[in-house]
>>> print(open('start_31.cif').read())   # mmCIF, N, CA and C atoms
data_query
loop_
_atom_site.label_atom_id
_atom_site.label_comp_id
_atom_site.auth_asym_id
_atom_site.auth_seq_id
_atom_site.Cartn_x
_atom_site.Cartn_y
_atom_site.Cartn_z
N MET A 1 24.63 85.35 -169.25
CA MET A 1 26.07 85.15 -169.26
C MET A 1 26.38 83.68 -169.00
N PHE A 2 27.35 83.16 -169.73
CA PHE A 2 27.78 81.77 -169.56
C PHE A 2 28.58 81.68 -168.27
N ARG A 3 28.15 80.78 -167.38
CA ARG A 3 28.76 80.68 -166.05
C ARG A 3 29.48 79.34 -165.92
N THR A 4 30.69 79.41 -165.39
CA THR A 4 31.51 78.23 -165.14
C THR A 4 31.93 78.25 -163.68
N ILE A 5 32.00 77.07 -163.08
CA ILE A 5 32.53 76.97 -161.72
C ILE A 5 33.66 75.94 -161.72
N ILE A 6 34.73 76.30 -161.04
CA ILE A 6 35.89 75.41 -160.87
C ILE A 6 35.84 74.88 -159.44
N ILE A 7 35.68 73.57 -159.30
CA ILE A 7 35.62 72.95 -157.98
C ILE A 7 36.93 72.18 -157.80
N GLU A 8 37.82 72.77 -157.03
CA GLU A 8 39.21 72.28 -156.93
C GLU A 8 39.77 72.70 -155.58
N ASP A 9 40.35 71.75 -154.83
CA ASP A 9 40.89 72.11 -153.52
C ASP A 9 42.28 72.72 -153.58
N SER A 10 42.98 72.61 -154.70
CA SER A 10 44.29 73.25 -154.84
C SER A 10 44.10 74.71 -155.27
N ASN A 11 44.46 75.62 -154.36
CA ASN A 11 44.32 77.05 -154.67
C ASN A 11 45.10 77.43 -155.92
N LEU A 12 46.30 76.91 -156.05
CA LEU A 12 47.14 77.26 -157.20
C LEU A 12 46.52 76.78 -158.51
N TYR A 13 46.11 75.52 -158.58
CA TYR A 13 45.53 75.00 -159.81
C TYR A 13 44.23 75.73 -160.14
N ARG A 14 43.40 75.97 -159.12
CA ARG A 14 42.13 76.67 -159.31
C ARG A 14 42.37 78.07 -159.87
N ARG A 15 43.34 78.75 -159.31
CA ARG A 15 43.65 80.12 -159.75
C ARG A 15 44.19 80.14 -161.18
N LEU A 16 45.08 79.19 -161.51
CA LEU A 16 45.64 79.12 -162.87
C LEU A 16 44.56 78.80 -163.90
N LEU A 17 43.68 77.86 -163.57
CA LEU A 17 42.61 77.51 -164.50
C LEU A 17 41.65 78.69 -164.68
N LYS A 18 41.33 79.36 -163.59
CA LYS A 18 40.44 80.53 -163.68
C LYS A 18 41.06 81.61 -164.56
N GLU A 19 42.33 81.87 -164.37
CA GLU A 19 43.03 82.87 -165.17
C GLU A 19 43.01 82.49 -166.65
N THR A 20 43.27 81.23 -166.95
CA THR A 20 43.25 80.75 -168.34
C THR A 20 41.88 80.98 -168.96
N LEU A 21 40.83 80.64 -168.23
CA LEU A 21 39.47 80.81 -168.76
C LEU A 21 39.11 82.28 -168.93
N GLN A 22 39.48 83.11 -167.97
CA GLN A 22 39.15 84.54 -168.05
C GLN A 22 39.86 85.23 -169.20
N VAL A 23 41.10 84.86 -169.44
CA VAL A 23 41.86 85.45 -170.55
C VAL A 23 41.30 84.99 -171.89
N SER A 24 41.00 83.71 -171.99
CA SER A 24 40.53 83.13 -173.25
C SER A 24 39.06 83.41 -173.54
N PHE A 25 38.27 83.58 -172.49
CA PHE A 25 36.82 83.78 -172.63
C PHE A 25 36.39 84.94 -171.73
N PRO A 26 36.70 86.17 -172.12
CA PRO A 26 36.45 87.32 -171.23
C PRO A 26 34.98 87.55 -170.89
N ASP A 27 34.05 87.00 -171.69
CA ASP A 27 32.63 87.18 -171.38
C ASP A 27 32.07 86.08 -170.49
N MET A 28 32.93 85.15 -170.07
CA MET A 28 32.51 84.04 -169.22
C MET A 28 32.66 84.44 -167.75
N GLU A 29 31.64 84.15 -166.96
CA GLU A 29 31.75 84.34 -165.52
C GLU A 29 32.37 83.06 -164.94
N VAL A 30 33.46 83.21 -164.20
CA VAL A 30 34.16 82.04 -163.64
C VAL A 30 34.14 82.14 -162.12
N LEU A 31 33.45 81.17 -161.51
CA LEU A 31 33.36 81.09 -160.05
C LEU A 31 34.26 79.99 -159.55
N GLU A 32 34.53 80.00 -158.25
CA GLU A 32 35.41 79.01 -157.65
C GLU A 32 34.78 78.40 -156.40
N ALA A 33 35.13 77.13 -156.16
CA ALA A 33 34.76 76.47 -154.91
C ALA A 33 35.89 75.51 -154.54
N LYS A 34 36.19 75.44 -153.25
CA LYS A 34 37.31 74.60 -152.81
C LYS A 34 36.87 73.20 -152.37
N ASP A 35 35.53 73.01 -152.22
CA ASP A 35 35.02 71.70 -151.82
C ASP A 35 33.57 71.55 -152.27
N GLY A 36 33.03 70.36 -152.05
CA GLY A 36 31.68 70.06 -152.50
C GLY A 36 30.61 70.89 -151.84
N GLU A 37 30.76 71.14 -150.55
CA GLU A 37 29.77 71.92 -149.81
C GLU A 37 29.66 73.34 -150.37
N GLU A 38 30.80 73.97 -150.57
CA GLU A 38 30.83 75.33 -151.12
C GLU A 38 30.27 75.32 -152.55
N ALA A 39 30.61 74.29 -153.32
CA ALA A 39 30.13 74.18 -154.70
C ALA A 39 28.61 74.04 -154.75
N LEU A 40 28.06 73.14 -153.92
CA LEU A 40 26.61 72.93 -153.95
C LEU A 40 25.85 74.21 -153.58
N ALA A 41 26.37 74.96 -152.64
CA ALA A 41 25.72 76.22 -152.26
C ALA A 41 25.69 77.18 -153.44
N SER A 42 26.80 77.27 -154.16
CA SER A 42 26.89 78.16 -155.32
C SER A 42 26.00 77.68 -156.46
N ILE A 43 26.01 76.38 -156.72
CA ILE A 43 25.22 75.80 -157.81
C ILE A 43 23.73 75.95 -157.55
N THR A 44 23.31 75.76 -156.31
CA THR A 44 21.91 75.91 -155.95
C THR A 44 21.45 77.35 -156.12
N LEU A 45 22.31 78.27 -155.77
CA LEU A 45 21.99 79.70 -155.88
C LEU A 45 21.87 80.12 -157.35
N THR A 46 22.86 79.78 -158.16
CA THR A 46 22.88 80.14 -159.57
C THR A 46 23.59 79.04 -160.35
N PRO A 47 22.85 78.10 -160.93
CA PRO A 47 23.48 76.98 -161.63
C PRO A 47 24.36 77.45 -162.80
N PRO A 48 25.55 76.87 -162.90
CA PRO A 48 26.42 77.20 -164.04
C PRO A 48 26.06 76.34 -165.25
N GLN A 49 26.66 76.64 -166.38
CA GLN A 49 26.50 75.80 -167.56
C GLN A 49 27.63 74.78 -167.66
N LEU A 50 28.78 75.09 -167.02
CA LEU A 50 29.97 74.26 -167.11
C LEU A 50 30.64 74.15 -165.75
N ILE A 51 31.10 72.94 -165.42
CA ILE A 51 31.82 72.71 -164.17
C ILE A 51 33.11 71.96 -164.47
N PHE A 52 34.21 72.48 -163.91
CA PHE A 52 35.47 71.74 -163.86
C PHE A 52 35.53 71.16 -162.45
N MET A 53 35.62 69.83 -162.34
CA MET A 53 35.51 69.15 -161.06
C MET A 53 36.75 68.29 -160.78
N ASP A 54 37.44 68.58 -159.69
CA ASP A 54 38.53 67.71 -159.26
C ASP A 54 37.92 66.40 -158.78
N ILE A 55 38.55 65.30 -159.10
CA ILE A 55 38.01 63.99 -158.71
C ILE A 55 38.19 63.74 -157.21
N LYS A 56 39.26 64.29 -156.62
CA LYS A 56 39.53 64.10 -155.19
C LYS A 56 39.31 65.44 -154.49
N LEU A 57 38.27 65.49 -153.69
CA LEU A 57 37.93 66.70 -152.94
C LEU A 57 37.77 66.33 -151.47
N PRO A 58 37.99 67.29 -150.57
CA PRO A 58 37.71 67.01 -149.17
C PRO A 58 36.21 66.81 -148.96
N GLY A 59 35.84 65.87 -148.13
CA GLY A 59 34.42 65.58 -147.90
C GLY A 59 33.87 64.75 -149.05
N LEU A 60 32.88 65.27 -149.71
CA LEU A 60 32.23 64.61 -150.84
C LEU A 60 33.21 64.53 -152.01
N SER A 61 33.43 63.33 -152.55
CA SER A 61 34.36 63.19 -153.68
C SER A 61 33.79 63.85 -154.93
N GLY A 62 34.66 64.15 -155.88
CA GLY A 62 34.23 64.74 -157.14
C GLY A 62 33.26 63.83 -157.89
N LEU A 63 33.44 62.53 -157.76
CA LEU A 63 32.54 61.58 -158.43
C LEU A 63 31.14 61.64 -157.80
N GLU A 64 31.09 61.60 -156.46
CA GLU A 64 29.80 61.67 -155.78
C GLU A 64 29.10 63.00 -156.06
N LEU A 65 29.88 64.06 -156.06
CA LEU A 65 29.34 65.39 -156.34
C LEU A 65 28.83 65.47 -157.78
N THR A 66 29.54 64.85 -158.70
CA THR A 66 29.09 64.83 -160.10
C THR A 66 27.73 64.16 -160.21
N ARG A 67 27.58 63.01 -159.58
CA ARG A 67 26.30 62.30 -159.64
C ARG A 67 25.18 63.15 -159.03
N LYS A 68 25.46 63.76 -157.89
CA LYS A 68 24.46 64.58 -157.21
C LYS A 68 24.04 65.77 -158.09
N ILE A 69 25.01 66.42 -158.71
CA ILE A 69 24.70 67.57 -159.58
C ILE A 69 23.92 67.11 -160.80
N LYS A 70 24.35 66.02 -161.43
CA LYS A 70 23.67 65.53 -162.64
C LYS A 70 22.24 65.07 -162.35
N ASP A 71 21.99 64.58 -161.13
CA ASP A 71 20.62 64.20 -160.76
C ASP A 71 19.70 65.41 -160.77
N GLN A 72 20.19 66.55 -160.32
CA GLN A 72 19.37 67.76 -160.23
C GLN A 72 19.47 68.64 -161.47
N TYR A 73 20.65 68.65 -162.10
CA TYR A 73 20.90 69.54 -163.23
C TYR A 73 21.58 68.76 -164.38
N PRO A 74 20.84 67.89 -165.05
CA PRO A 74 21.47 67.05 -166.08
C PRO A 74 22.05 67.84 -167.25
N GLU A 75 21.60 69.07 -167.43
CA GLU A 75 22.07 69.88 -168.56
C GLU A 75 23.45 70.51 -168.32
N ILE A 76 23.94 70.52 -167.08
CA ILE A 76 25.26 71.09 -166.80
C ILE A 76 26.33 70.16 -167.34
N THR A 77 27.28 70.72 -168.06
CA THR A 77 28.42 69.95 -168.57
C THR A 77 29.47 69.88 -167.47
N ILE A 78 29.92 68.66 -167.17
CA ILE A 78 30.92 68.46 -166.12
C ILE A 78 32.17 67.84 -166.71
N ILE A 79 33.29 68.50 -166.45
CA ILE A 79 34.61 68.01 -166.85
C ILE A 79 35.33 67.57 -165.58
N ILE A 80 35.65 66.29 -165.49
CA ILE A 80 36.40 65.77 -164.35
C ILE A 80 37.89 66.01 -164.60
N LEU A 81 38.56 66.54 -163.58
CA LEU A 81 40.00 66.77 -163.62
C LEU A 81 40.67 65.86 -162.60
N THR A 82 41.80 65.29 -162.98
CA THR A 82 42.51 64.46 -162.01
C THR A 82 44.00 64.41 -162.32
N SER A 83 44.78 64.21 -161.30
CA SER A 83 46.21 63.97 -161.46
C SER A 83 46.47 62.48 -161.69
N TYR A 84 45.42 61.68 -161.50
CA TYR A 84 45.53 60.24 -161.61
C TYR A 84 44.85 59.76 -162.89
N ASP A 85 45.58 59.76 -163.99
CA ASP A 85 45.01 59.37 -165.27
C ASP A 85 45.03 57.85 -165.41
N LEU A 86 44.15 57.21 -164.66
CA LEU A 86 44.07 55.76 -164.65
C LEU A 86 42.77 55.33 -165.34
N PRO A 87 42.81 54.19 -166.06
CA PRO A 87 41.60 53.73 -166.75
C PRO A 87 40.41 53.56 -165.82
N GLU A 88 40.64 53.09 -164.59
CA GLU A 88 39.52 52.89 -163.67
C GLU A 88 38.91 54.22 -163.22
N TYR A 89 39.73 55.28 -163.13
CA TYR A 89 39.20 56.60 -162.79
C TYR A 89 38.37 57.14 -163.94
N ARG A 90 38.89 56.97 -165.16
CA ARG A 90 38.19 57.43 -166.36
C ARG A 90 36.82 56.73 -166.45
N GLU A 91 36.82 55.42 -166.27
CA GLU A 91 35.59 54.65 -166.33
C GLU A 91 34.61 55.09 -165.25
N ALA A 92 35.11 55.28 -164.03
CA ALA A 92 34.25 55.72 -162.93
C ALA A 92 33.65 57.10 -163.22
N ALA A 93 34.46 58.00 -163.78
CA ALA A 93 33.97 59.35 -164.08
C ALA A 93 32.77 59.28 -165.02
N TYR A 94 32.86 58.46 -166.04
CA TYR A 94 31.75 58.33 -166.99
C TYR A 94 30.56 57.59 -166.38
N GLN A 95 30.82 56.64 -165.49
CA GLN A 95 29.72 55.95 -164.80
C GLN A 95 28.95 56.92 -163.90
N TYR A 96 29.65 57.89 -163.33
CA TYR A 96 29.00 58.89 -162.49
C TYR A 96 28.42 60.04 -163.31
N ARG A 97 28.46 59.91 -164.63
CA ARG A 97 27.83 60.81 -165.61
C ARG A 97 28.60 62.08 -165.91
N ALA A 98 29.92 62.06 -165.73
CA ALA A 98 30.74 63.18 -166.19
C ALA A 98 30.69 63.23 -167.72
N ASP A 99 30.82 64.41 -168.27
CA ASP A 99 30.79 64.56 -169.73
C ASP A 99 32.17 64.43 -170.35
N HIS A 100 33.20 64.82 -169.59
CA HIS A 100 34.58 64.77 -170.08
C HIS A 100 35.50 64.40 -168.93
N PHE A 101 36.68 63.89 -169.27
CA PHE A 101 37.69 63.48 -168.30
C PHE A 101 39.03 64.01 -168.77
N LEU A 102 39.69 64.81 -167.95
CA LEU A 102 40.99 65.38 -168.31
C LEU A 102 42.04 65.08 -167.25
N SER A 103 43.24 64.74 -167.71
CA SER A 103 44.36 64.56 -166.81
C SER A 103 45.04 65.91 -166.60
N LYS A 104 45.24 66.30 -165.35
CA LYS A 104 45.93 67.55 -165.06
C LYS A 104 47.37 67.51 -165.56
N CYS A 105 47.94 66.32 -165.60
CA CYS A 105 49.35 66.17 -165.96
C CYS A 105 49.59 66.25 -167.47
N SER A 106 48.65 65.74 -168.26
CA SER A 106 48.92 65.68 -169.70
C SER A 106 48.08 66.64 -170.54
N THR A 107 47.09 67.26 -169.95
CA THR A 107 46.27 68.20 -170.71
C THR A 107 46.93 69.57 -170.71
N THR A 108 47.06 70.14 -171.89
CA THR A 108 47.68 71.46 -172.02
C THR A 108 46.63 72.56 -171.88
N LYS A 109 47.12 73.76 -171.68
CA LYS A 109 46.25 74.93 -171.63
C LYS A 109 45.45 75.03 -172.94
N GLU A 110 46.12 74.77 -174.05
CA GLU A 110 45.48 74.83 -175.36
C GLU A 110 44.39 73.76 -175.47
N GLY A 111 44.66 72.58 -174.89
CA GLY A 111 43.67 71.51 -174.90
C GLY A 111 42.41 71.88 -174.13
N ILE A 112 42.59 72.53 -172.99
CA ILE A 112 41.45 72.99 -172.19
C ILE A 112 40.66 74.04 -172.96
N ILE A 113 41.37 75.00 -173.55
CA ILE A 113 40.71 76.07 -174.32
C ILE A 113 39.92 75.48 -175.49
N SER A 114 40.53 74.53 -176.18
CA SER A 114 39.86 73.89 -177.32
C SER A 114 38.59 73.17 -176.88
N LEU A 115 38.66 72.43 -175.77
CA LEU A 115 37.49 71.72 -175.27
C LEU A 115 36.39 72.70 -174.89
N VAL A 116 36.75 73.78 -174.21
CA VAL A 116 35.75 74.78 -173.82
C VAL A 116 35.14 75.43 -175.05
N GLU A 117 35.94 75.72 -176.06
CA GLU A 117 35.42 76.29 -177.31
C GLU A 117 34.39 75.35 -177.93
N THR A 118 34.68 74.06 -177.93
CA THR A 118 33.75 73.07 -178.47
C THR A 118 32.47 73.05 -177.66
N ILE A 119 32.58 73.05 -176.34
CA ILE A 119 31.39 73.05 -175.47
C ILE A 119 30.56 74.31 -175.72
N LEU A 120 31.22 75.45 -175.82
CA LEU A 120 30.50 76.71 -176.05
C LEU A 120 29.79 76.70 -177.40
N SER A 121 30.43 76.15 -178.41
CA SER A 121 29.82 76.15 -179.76
C SER A 121 28.59 75.25 -179.81
N GLN A 122 28.50 74.28 -178.91
CA GLN A 122 27.37 73.35 -178.89
C GLN A 122 26.30 73.76 -177.89
N HIS A 123 26.58 74.78 -177.12
CA HIS A 123 25.66 75.19 -176.07
C HIS A 123 24.66 76.20 -176.60
N PRO A 124 23.37 76.06 -176.24
CA PRO A 124 22.35 77.01 -176.72
C PRO A 124 22.62 78.45 -176.28
N MET A 125 23.38 78.60 -175.22
CA MET A 125 23.67 79.95 -174.70
C MET A 125 25.10 80.35 -175.11
N ASN A 126 25.53 79.92 -176.30
CA ASN A 126 26.93 80.16 -176.66
C ASN A 126 27.26 81.64 -176.72
N MET A 127 28.55 81.92 -176.59
CA MET A 127 29.01 83.30 -176.40
C MET A 127 29.56 83.91 -177.68
N LYS A 128 29.30 83.36 -178.83
CA LYS A 128 29.87 83.90 -180.07
C LYS A 128 29.08 85.09 -180.55
#
>>> encode(input="start_31.cif", output="structure tokens")
Amino acid sequence: MFRTIIIEDSNLYRRLLKETLQVSFPDMEVLEAKDGEEALASITLTPPQLIFMDIKLPGLSGLELTRKIKDQYPEITIIILTSYDLPEYREAAYQYRADHFLSKCSTTKEGIISLVETILSQHPMNMK
């Protein structure tokens, strides 16, 4: 089963994103974590294929967590999410080896679904 984890400290945003993914991709397992510590425990137990990562998290930042995950699991696709769509954040996300960068403010539900469809179509474990 294709596994996704949403690492986001906002309960509301995490819940809305999870609902969007579950409705659009009913065969996808969607897990949640509110911070880096919880995320690392889940990833170590059962690595996902896709991660949605908030850039600002309590404790370990989303950027630091991205680098740590990519060091151990380079095959996991990581999408950085942020409310701060600034060029320096975008650049930092890619320097820390994120695969994609999305603004929470300007990315639509359809945009997220389209990106996930593209990722799934390119993944060896695709769900089609």
>>> closest_residue(input="start_31.cif", among="A:Thr20, A:Ser10, A:Thr66, A:Thr4", to="A:Ile51", atoms="all atoms listed in the file")
A:Thr4
>>> residues_around(input="start_31.cif", residues="A:Gly59", least_positions_apart="2", cutoff="6.5 Å", atoms="all atoms listed in the file", output="ChimeraX atom specification")
/A:36,57,61
>>> atom_distance(input="start_31.cif", atom1="atom N of A:Glu88", atom2="atom C of A:Leu16")
26.0 Å
>>> atom_distance(input="start_31.cif", atom1="atom CA of A:Ala92", atom2="atom N of A:Gln122")
25.2 Å
>>> residues_around(input="start_31.cif", residues="A:Ile55", least_positions_apart="6", cutoff="8 Å", atoms="all atoms listed in the file", output="ChimeraX atom specification")
/A:7-9,61-64,79-83
>>> atom_distance(input="start_31.cif", atom1="atom N of A:Gln95", atom2="atom CA of A:Arg67")
9.3 Å
>>> resolve_selection(input="start_31.cif", expression="the PyMOL selection byres ((chain A and resi 21-32) around 8)", output="list in words")
Met1, Phe2, Arg3, Thr4, Ile5, Ile6, Ile7, Glu8, Arg14, Arg15, Leu16, Leu17, Lys18, Glu19, Thr20, Ala33, Lys34, Asp35, Glu38, Ala39, Ser42, Ile113 and Met127 of chain A
>>> select_by_dssp(input="start_31.cif", residues="chain A", states="strand (DSSP E)", output="list in words")
Arg3, Thr4, Ile5, Ile6, Ile7, Glu29, Val30, Leu31, Glu32, Ala33, Leu50, Ile51, Phe52, Met53, Asp54, Thr77, Ile78, Ile79, Ile80, Leu81, Thr82, His100, Phe101, Leu102 and Ser103 of chain A
>>> write_last_selection(input="start_31.cif", atoms="N, CA and C atoms", output="tab-separated table (two decimals), in the coordinates of the input")
chain	number	residue	atom	x	y	z
A	3	ARG	N	28.15	80.78	-167.38
A	3	ARG	CA	28.76	80.68	-166.05
A	3	ARG	C	29.48	79.34	-165.92
A	4	THR	N	30.69	79.41	-165.39
A	4	THR	CA	31.51	78.23	-165.14
A	4	THR	C	31.93	78.25	-163.68
A	5	ILE	N	32.00	77.07	-163.08
A	5	ILE	CA	32.53	76.97	-161.72
A	5	ILE	C	33.66	75.94	-161.72
A	6	ILE	N	34.73	76.30	-161.04
A	6	ILE	CA	35.89	75.41	-160.87
A	6	ILE	C	35.84	74.88	-159.44
A	7	ILE	N	35.68	73.57	-159.30
A	7	ILE	CA	35.62	72.95	-157.98
A	7	ILE	C	36.93	72.18	-157.80
A	29	GLU	N	31.64	84.15	-166.96
A	29	GLU	CA	31.75	84.34	-165.52
A	29	GLU	C	32.37	83.06	-164.94
A	30	VAL	N	33.46	83.21	-164.20
A	30	VAL	CA	34.16	82.04	-163.64
A	30	VAL	C	34.14	82.14	-162.12
A	31	LEU	N	33.45	81.17	-161.51
A	31	LEU	CA	33.36	81.09	-160.05
A	31	LEU	C	34.26	79.99	-159.55
A	32	GLU	N	34.53	80.00	-158.25
A	32	GLU	CA	35.41	79.01	-157.65
A	32	GLU	C	34.78	78.40	-156.40
A	33	ALA	N	35.13	77.13	-156.16
A	33	ALA	CA	34.76	76.47	-154.91
A	33	ALA	C	35.89	75.51	-154.54
A	50	LEU	N	28.78	75.09	-167.02
A	50	LEU	CA	29.97	74.26	-167.11
A	50	LEU	C	30.64	74.15	-165.75
A	51	ILE	N	31.10	72.94	-165.42
A	51	ILE	CA	31.82	72.71	-164.17
A	51	ILE	C	33.11	71.96	-164.47
A	52	PHE	N	34.21	72.48	-163.91
A	52	PHE	CA	35.47	71.74	-163.86
A	52	PHE	C	35.53	71.16	-162.45
A	53	MET	N	35.62	69.83	-162.34
A	53	MET	CA	35.51	69.15	-161.06
A	53	MET	C	36.75	68.29	-160.78
A	54	ASP	N	37.44	68.58	-159.69
A	54	ASP	CA	38.53	67.71	-159.26
A	54	ASP	C	37.92	66.40	-158.78
A	77	THR	N	27.28	70.72	-168.06
A	77	THR	CA	28.42	69.95	-168.57
A	77	THR	C	29.47	69.88	-167.47
A	78	ILE	N	29.92	68.66	-167.17
A	78	ILE	CA	30.92	68.46	-166.12
A	78	ILE	C	32.17	67.84	-166.71
A	79	ILE	N	33.29	68.50	-166.45
A	79	ILE	CA	34.61	68.01	-166.85
A	79	ILE	C	35.33	67.57	-165.58
A	80	ILE	N	35.65	66.29	-165.49
A	80	ILE	CA	36.40	65.77	-164.35
A	80	ILE	C	37.89	66.01	-164.60
A	81	LEU	N	38.56	66.54	-163.58
A	81	LEU	CA	40.00	66.77	-163.62
A	81	LEU	C	40.67	65.86	-162.60
A	82	THR	N	41.80	65.29	-162.98
A	82	THR	CA	42.51	64.46	-162.01
A	82	THR	C	44.00	64.41	-162.32
A	100	HIS	N	33.20	64.82	-169.59
A	100	HIS	CA	34.58	64.77	-170.08
A	100	HIS	C	35.50	64.40	-168.93
A	101	PHE	N	36.68	63.89	-169.27
A	101	PHE	CA	37.69	63.48	-168.30
A	101	PHE	C	39.03	64.01	-168.77
A	102	LEU	N	39.69	64.81	-167.95
A	102	LEU	CA	40.99	65.38	-168.31
A	102	LEU	C	42.04	65.08	-167.25
A	103	SER	N	43.24	64.74	-167.71
A	103	SER	CA	44.36	64.56	-166.81
A	103	SER	C	45.04	65.91	-166.60
>>> resolve_selection(input="start_31.cif", expression="the PyMOL selection byres (((chain A and resi 73-77 and name CA) around 7) and name CA)", output="ChimeraX atom specification")
/A:48-51,69-72,78-79,99
>>> select_by_dssp(input="start_31.cif", residues="chain A", states="alpha helix (DSSP H)", output="number ranges by chain")
A: 11-24, 36-45, 62-72, 87-95, 109-122
>>> axis_aligned_box(input="start_31.cif", around="stretch 5-22 of chain A", padding_each_side="8 Å", output="lines of an AutoDock Vina configuration file")
center_x = 39.6
center_y = 78.5
center_z = -161.4
size_x = 31.1
size_y = 29.5
size_z = 31.7
